[in-house]
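This is data25.cif (mmCIF, C-alpha atoms).
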```cif
data_entry
loop_
_atom_site.group_PDB
_atom_site.id
_atom_site.type_symbol
_atom_site.label_atom_id
_atom_site.label_comp_id
_atom_site.auth_asym_id
_atom_site.auth_seq_id
_atom_site.Cartn_x
_atom_site.Cartn_y
_atom_site.Cartn_z
ATOM 1 C CA MET A 1 -19.621 29.929 -7.630
ATOM 2 C CA ASN A 2 -20.959 32.495 -5.179
ATOM 3 C CA LYS A 3 -19.942 30.309 -2.208
ATOM 4 C CA HIS A 4 -16.419 29.965 -3.560
ATOM 5 C CA PHE A 5 -16.096 33.702 -4.141
ATOM 6 C CA SER A 6 -17.417 34.426 -0.657
ATOM 7 C CA LEU A 7 -15.008 31.915 0.893
ATOM 8 C CA LEU A 8 -12.081 33.317 -1.095
ATOM 9 C CA ARG A 9 -13.003 36.882 -0.081
ATOM 10 C CA SER A 10 -13.235 35.855 3.602
ATOM 11 C CA MET A 11 -9.863 34.114 3.457
ATOM 12 C CA LEU A 12 -8.298 37.162 1.813
ATOM 13 C CA LEU A 13 -9.733 39.485 4.490
ATOM 14 C CA ILE A 14 -8.491 37.220 7.291
ATOM 15 C CA GLY A 15 -5.040 37.137 5.695
ATOM 16 C CA LEU A 16 -4.926 40.917 5.311
ATOM 17 C CA CYS A 17 -6.099 41.490 8.891
ATOM 18 C CA SER A 18 -3.556 38.988 10.184
ATOM 19 C CA ALA A 19 -0.733 40.680 8.240
ATOM 20 C CA ALA A 20 -1.789 44.117 9.495
ATOM 21 C CA PHE A 21 -1.936 42.824 13.085
ATOM 22 C CA GLN A 22 1.506 41.214 12.808
ATOM 23 C CA SER A 23 2.924 44.403 11.279
ATOM 24 C CA ALA A 24 1.426 46.519 14.081
ATOM 25 C CA ARG A 25 2.837 44.107 16.680
ATOM 26 C CA ALA A 26 6.266 44.266 15.004
ATOM 27 C CA GLU A 27 6.201 48.063 15.421
ATOM 28 C CA ASP A 28 5.632 47.555 19.157
ATOM 29 C CA LYS A 29 9.160 46.127 19.483
ATOM 30 C CA PHE A 30 12.387 47.815 18.463
ATOM 31 C CA GLU A 31 16.089 47.468 19.164
ATOM 32 C CA VAL A 32 18.651 50.122 20.064
ATOM 33 C CA ALA A 33 22.288 49.062 20.522
ATOM 34 C CA GLY A 34 21.427 45.458 21.319
ATOM 35 C CA VAL A 35 18.668 46.313 23.824
ATOM 36 C CA HIS A 36 15.159 45.223 22.818
ATOM 37 C CA PHE A 37 12.412 47.620 23.886
ATOM 38 C CA THR A 38 8.646 47.151 23.735
ATOM 39 C CA LYS A 39 6.591 50.281 23.137
ATOM 40 C CA PRO A 40 3.893 50.811 25.787
ATOM 41 C CA ALA A 41 0.456 49.951 24.370
ATOM 42 C CA LYS A 42 -0.997 53.474 24.322
ATOM 43 C CA TRP A 43 2.131 55.099 22.849
ATOM 44 C CA PHE A 44 2.766 55.709 19.164
ATOM 45 C CA SER A 45 5.823 54.797 17.087
ATOM 46 C CA ILE A 46 6.797 57.578 14.709
ATOM 47 C CA GLU A 47 9.528 58.025 12.137
ATOM 48 C CA PRO A 48 12.617 59.588 13.789
ATOM 49 C CA SER A 49 12.774 63.286 12.876
ATOM 50 C CA SER A 50 16.571 63.240 12.464
ATOM 51 C CA SER A 51 19.337 60.761 11.731
ATOM 52 C CA MET A 52 20.675 61.311 15.267
ATOM 53 C CA ARG A 53 17.613 59.549 16.668
ATOM 54 C CA ALA A 54 17.680 55.751 16.876
ATOM 55 C CA ALA A 55 13.936 55.566 17.623
ATOM 56 C CA GLN A 56 11.115 57.960 18.434
ATOM 57 C CA LEU A 57 7.783 57.533 20.205
ATOM 58 C CA GLU A 58 4.929 59.839 21.194
ATOM 59 C CA VAL A 59 2.469 59.871 24.052
ATOM 60 C CA ARG A 60 -0.693 61.736 23.044
ATOM 61 C CA GLU A 61 -3.435 63.148 25.217
ATOM 62 C CA GLY A 62 -6.045 65.436 23.710
ATOM 63 C CA SER A 63 -4.212 67.989 21.580
ATOM 64 C CA GLY A 64 -0.985 67.630 23.587
ATOM 65 C CA LYS A 65 1.888 65.240 23.147
ATOM 66 C CA VAL A 66 5.081 64.119 24.803
ATOM 67 C CA GLU A 67 8.072 63.130 22.687
ATOM 68 C CA VAL A 68 10.186 60.099 23.671
ATOM 69 C CA VAL A 69 13.493 59.967 21.818
ATOM 70 C CA PHE A 70 16.196 57.276 21.834
ATOM 71 C CA PHE A 71 19.770 58.323 21.028
ATOM 72 C CA TYR A 72 22.754 56.051 20.516
ATOM 73 C CA PHE A 73 26.170 57.384 19.489
ATOM 74 C CA GLY A 74 28.294 54.245 19.802
ATOM 75 C CA PRO A 75 30.659 53.161 22.581
ATOM 76 C CA GLY A 76 31.870 56.205 24.496
ATOM 77 C CA GLY A 77 29.829 58.539 22.276
ATOM 78 C CA ALA A 78 28.171 61.738 23.528
ATOM 79 C CA GLY A 79 30.291 62.066 26.691
ATOM 80 C CA GLY A 80 29.649 60.562 30.091
ATOM 81 C CA VAL A 81 26.505 60.254 32.131
ATOM 82 C CA GLY A 82 27.154 63.425 34.175
ATOM 83 C CA ALA A 83 27.773 65.548 31.078
ATOM 84 C CA ASN A 84 24.500 64.394 29.552
ATOM 85 C CA VAL A 85 22.513 64.963 32.748
ATOM 86 C CA ASP A 86 23.930 68.517 32.874
ATOM 87 C CA ARG A 87 23.142 69.027 29.159
ATOM 88 C CA TRP A 88 19.553 67.900 29.652
ATOM 89 C CA LEU A 89 19.040 70.139 32.693
ATOM 90 C CA GLY A 90 20.641 72.994 30.742
ATOM 91 C CA GLN A 91 17.840 72.735 28.169
ATOM 92 C CA PHE A 92 15.532 74.511 30.608
ATOM 93 C CA GLN A 93 15.233 78.280 30.945
ATOM 94 C CA GLU A 94 15.431 78.198 34.753
ATOM 95 C CA PRO A 95 18.652 77.526 36.656
ATOM 96 C CA LYS A 96 19.248 73.889 37.609
ATOM 97 C CA GLU A 97 18.261 74.401 41.282
ATOM 98 C CA ALA A 98 14.794 75.694 40.306
ATOM 99 C CA LEU A 99 13.944 72.599 38.241
ATOM 100 C CA LYS A 100 13.357 70.251 41.194
ATOM 101 C CA PRO A 101 15.887 67.910 39.571
ATOM 102 C CA LYS A 102 15.973 64.252 40.563
ATOM 103 C CA VAL A 103 18.853 61.998 39.538
ATOM 104 C CA GLU A 104 18.680 58.356 40.551
ATOM 105 C CA GLU A 105 21.020 55.482 39.724
ATOM 106 C CA GLN A 106 19.880 51.852 39.634
ATOM 107 C CA LYS A 107 21.283 48.512 38.551
ATOM 108 C CA ILE A 108 18.827 46.428 36.569
ATOM 109 C CA ASN A 109 20.016 42.905 35.855
ATOM 110 C CA GLY A 110 23.637 44.107 36.042
ATOM 111 C CA THR A 111 23.112 47.158 33.803
ATOM 112 C CA LYS A 112 23.503 50.643 35.276
ATOM 113 C CA VAL A 113 20.631 53.021 34.540
ATOM 114 C CA THR A 114 20.575 56.688 35.513
ATOM 115 C CA TYR A 115 17.112 58.257 35.679
ATOM 116 C CA VAL A 116 16.736 62.045 35.430
ATOM 117 C CA GLN A 117 13.643 64.126 36.082
ATOM 118 C CA ALA A 118 13.080 67.889 35.991
ATOM 119 C CA GLU A 119 10.284 70.379 35.387
ATOM 120 C CA GLY A 120 10.141 73.974 34.241
ATOM 121 C CA THR A 121 10.303 75.954 31.001
ATOM 122 C CA PHE A 122 11.857 73.653 28.398
ATOM 123 C CA MET A 123 13.700 75.357 25.554
ATOM 124 C CA SER A 124 12.540 73.313 22.575
ATOM 125 C CA GLY A 125 14.447 73.253 19.308
ATOM 126 C CA ALA A 126 17.275 71.642 17.380
ATOM 127 C CA PRO A 127 20.786 71.797 18.856
ATOM 128 C CA PHE A 128 22.491 75.065 17.907
ATOM 129 C CA GLY A 129 19.223 76.327 16.374
ATOM 130 C CA PRO A 130 16.558 78.758 17.556
ATOM 131 C CA LYS A 131 14.686 77.749 20.708
ATOM 132 C CA THR A 132 11.073 78.100 21.774
ATOM 133 C CA ALA A 133 10.231 78.447 25.475
ATOM 134 C CA VAL A 134 7.653 75.850 26.547
ATOM 135 C CA PRO A 135 6.509 76.553 30.139
ATOM 136 C CA GLY A 136 4.955 73.782 32.240
ATOM 137 C CA SER A 137 7.214 71.118 30.748
ATOM 138 C CA MET A 138 8.729 68.021 32.229
ATOM 139 C CA LEU A 139 11.757 65.960 31.295
ATOM 140 C CA PHE A 140 12.203 62.317 32.195
ATOM 141 C CA GLY A 141 15.341 60.641 30.983
ATOM 142 C CA ALA A 142 17.054 57.304 31.285
ATOM 143 C CA ILE A 143 20.685 56.651 30.437
ATOM 144 C CA VAL A 144 21.137 52.917 29.950
ATOM 145 C CA GLU A 145 24.806 51.913 30.082
ATOM 146 C CA GLY A 146 24.468 48.917 27.785
ATOM 147 C CA LYS A 147 27.109 46.487 26.532
ATOM 148 C CA GLN A 148 27.401 48.325 23.192
ATOM 149 C CA GLY A 149 27.494 51.785 24.789
ATOM 150 C CA ALA A 150 25.085 54.211 26.405
ATOM 151 C CA ILE A 151 21.515 54.569 25.188
ATOM 152 C CA PHE A 152 20.003 57.970 25.978
ATOM 153 C CA ILE A 153 16.205 58.041 26.324
ATOM 154 C CA LYS A 154 14.672 61.486 26.742
ATOM 155 C CA MET A 155 10.959 62.186 27.242
ATOM 156 C CA THR A 156 9.862 65.833 27.119
ATOM 157 C CA GLY A 157 6.533 67.621 26.931
ATOM 158 C CA PRO A 158 3.663 68.978 29.008
ATOM 159 C CA LYS A 159 4.068 68.043 32.677
ATOM 160 C CA LYS A 160 0.564 66.591 33.002
ATOM 161 C CA ILE A 161 1.042 64.161 30.098
ATOM 162 C CA ALA A 162 4.642 63.302 31.047
ATOM 163 C CA GLU A 163 3.653 62.514 34.651
ATOM 164 C CA GLY A 164 0.994 60.133 33.336
ATOM 165 C CA ALA A 165 3.607 58.380 31.179
ATOM 166 C CA LEU A 166 6.336 58.024 33.840
ATOM 167 C CA GLN A 167 5.335 54.565 35.042
ATOM 168 C CA ASP A 168 5.156 53.199 31.466
ATOM 169 C CA ALA A 169 8.532 54.761 30.619
ATOM 170 C CA ARG A 170 10.259 53.162 33.599
ATOM 171 C CA LYS A 171 8.589 49.814 32.924
ATOM 172 C CA MET A 172 9.688 49.951 29.270
ATOM 173 C CA VAL A 173 13.336 50.415 30.342
ATOM 174 C CA GLU A 174 13.198 47.819 33.130
ATOM 175 C CA ASP A 175 11.495 45.201 30.940
ATOM 176 C CA ALA A 176 14.092 45.713 28.193
ATOM 177 C CA LEU A 177 16.880 44.866 30.663
ATOM 178 C CA LYS A 178 15.298 41.738 32.171
#
```
Would you write the structure of this file as structure tokens?
Amino acid sequence: MNKHFSLLRSMLLIGLCSAAFQSARAEDKFEVAGVHFTKPAKWFSIEPSSSMRAAQLEVREGSGKVEVVFFYFGPGGAGGVGANVDRWLGQFQEPKEALKPKVEEQKINGTKVTYVQAEGTFMSGAPFGPKTAVPGSMLFGAIVEGKQGAIFIKMTGPKKIAEGALQDARKMVEDALK
């Protein structure tokens, strides 16, 4: 009887561990507007903090964190690429020229992607709400012009953490379009 109980308990534990592993792996992959992304291994999936967000990730280092948000507003939603680049750069306290802005366009497997990067004092807060100045911040964004419409990916947070996450962010976008 003891052997049977021990075997049953072991099988139950293996099943539970397998289910937990499969569930964790399922959270590593997510879809936004027909594009399938895989979360970088050291990043965290979190519940989107508003209904405007299609997905939300975090990159954590010590007590700091960088937020990675995916927006999708449907075909033609949220204006064009240029308007969104200007909106993102306008979320900093400094004038655009002082942000060391970089805007780069690429084609990845036939899909146009616009990358945006800037650093300065980010004005954090909900649209049309009160803002908090966060000096030493960095923004990295990708606008993926997918078949179902543009996907806006915006990473913001402390410059040191964001710089460390840049390579993974680009790889995540590029791998999703392969």
As a PyMOL selection string, please: the residues near Lys178 of chain A (cut-off 12 Å, only C-alpha atoms, same-chain neighbours under 6 positions excluded).
chain A and resi 35-37+107-111+171-172
Place a sphere of radius 10 Å on (25.1, 50.4, 27.9) in the file coordinates and name every protein, DNA or RNA residue with an atom inside or on its surface, counting only C-alpha atoms; give the answer as an mmCIF file with C-alpha atoms, keeping the file's coordinate frame.
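Just written: part.cif:
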```cif
data_model
loop_
_atom_site.group_PDB
_atom_site.id
_atom_site.type_symbol
_atom_site.label_atom_id
_atom_site.label_comp_id
_atom_site.auth_asym_id
_atom_site.auth_seq_id
_atom_site.Cartn_x
_atom_site.Cartn_y
_atom_site.Cartn_z
ATOM 1 C CA ALA A 33 22.288 49.062 20.522
ATOM 2 C CA GLY A 34 21.427 45.458 21.319
ATOM 3 C CA VAL A 35 18.668 46.313 23.824
ATOM 4 C CA TYR A 72 22.754 56.051 20.516
ATOM 5 C CA GLY A 74 28.294 54.245 19.802
ATOM 6 C CA PRO A 75 30.659 53.161 22.581
ATOM 7 C CA GLY A 76 31.870 56.205 24.496
ATOM 8 C CA THR A 111 23.112 47.158 33.803
ATOM 9 C CA LYS A 112 23.503 50.643 35.276
ATOM 10 C CA VAL A 113 20.631 53.021 34.540
ATOM 11 C CA ILE A 143 20.685 56.651 30.437
ATOM 12 C CA VAL A 144 21.137 52.917 29.950
ATOM 13 C CA GLU A 145 24.806 51.913 30.082
ATOM 14 C CA GLY A 146 24.468 48.917 27.785
ATOM 15 C CA LYS A 147 27.109 46.487 26.532
ATOM 16 C CA GLN A 148 27.401 48.325 23.192
ATOM 17 C CA GLY A 149 27.494 51.785 24.789
ATOM 18 C CA ALA A 150 25.085 54.211 26.405
ATOM 19 C CA ILE A 151 21.515 54.569 25.188
ATOM 20 C CA PHE A 152 20.003 57.970 25.978
#
```
Compile the contact shell of segment 38-47 of chain A as a PyMOL selection string: residues with an atom at most 6 Å away, counting all atoms listed in the file, same-chain residues fewer than 4 positions apart removed.
chain A and resi 28-29+56-59
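Closest to Met123 of chain A among A:Phe140, A:Phe70, A:Trp88, A:Phe30 is A:Trp88, based on all atoms listed in the file.
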Please provide as a PyMOL selection string all residues within 10 Å of Met52 of chain A, with the sequence filter that same-chain residues fewer than 2 positions apart are discarded (counting all atoms listed in the file).
chain A and resi 48-50+54-55+69-73
d(atom CA of Gly136 of chain A, atom CA of Thr121 of chain A) in Å
5.9 Å
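Atom CA of Glu104 of chain A is found 19.8 Å from atom CA of Ala78 of chain A.
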Please report as CSV every residue of segment 41-147 of chain A lying within 6 Å of segment 155-163 of chain A, along with the nearest atom pair and their distance in Å (one decimal), using all atoms listed in the file.
```
residue,atom,partner,partner_atom,distance
A:Val66,CA,A:Gly157,CA,4.3
A:Glu67,CA,A:Met155,CA,5.5
A:Val68,CA,A:Met155,CA,4.2
A:Gly136,CA,A:Lys159,CA,5.8
A:Ser137,CA,A:Pro158,CA,4.5
A:Met138,CA,A:Lys159,CA,4.7
A:Leu139,CA,A:Thr156,CA,4.6
A:Phe140,CA,A:Met155,CA,5.1
A:Gly141,CA,A:Met155,CA,6.0
```
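Interatomic distance, atom CA of Gln106 of chain A against atom CA of Ala165 of chain A: 19.5 Å.
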Would you kindly return, as a list in words, each protein, DNA or RNA residue with an atom no farther than 12 Å from any atom of Ala133 of chain A, considering all atoms listed in the file and excluding same-chain residues fewer than 5 positions away?
Gln91, Phe92, Gln93, Glu94, Gly120, Thr121, Phe122, Met123, Ser124, Gly125 and Gly157 of chain A
Using all atoms listed in the file, which residue out of A:Val173, A:Val134, A:Gly164, A:Ala142 lies closest to Arg60 of chain A?
A:Gly164
Near Val103 of chain A, counting only C-alpha atoms, which residues have an atom at most 8 Å away, once you skip same-chain residues fewer than 4 positions from it, shown as a PyMOL selection string?
chain A and resi 114-117
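Closest approach to Gly82 of chain A among A:Leu99, A:Leu177, A:Val32, A:Glu105 is made by A:Glu105 (distances from all atoms listed in the file).
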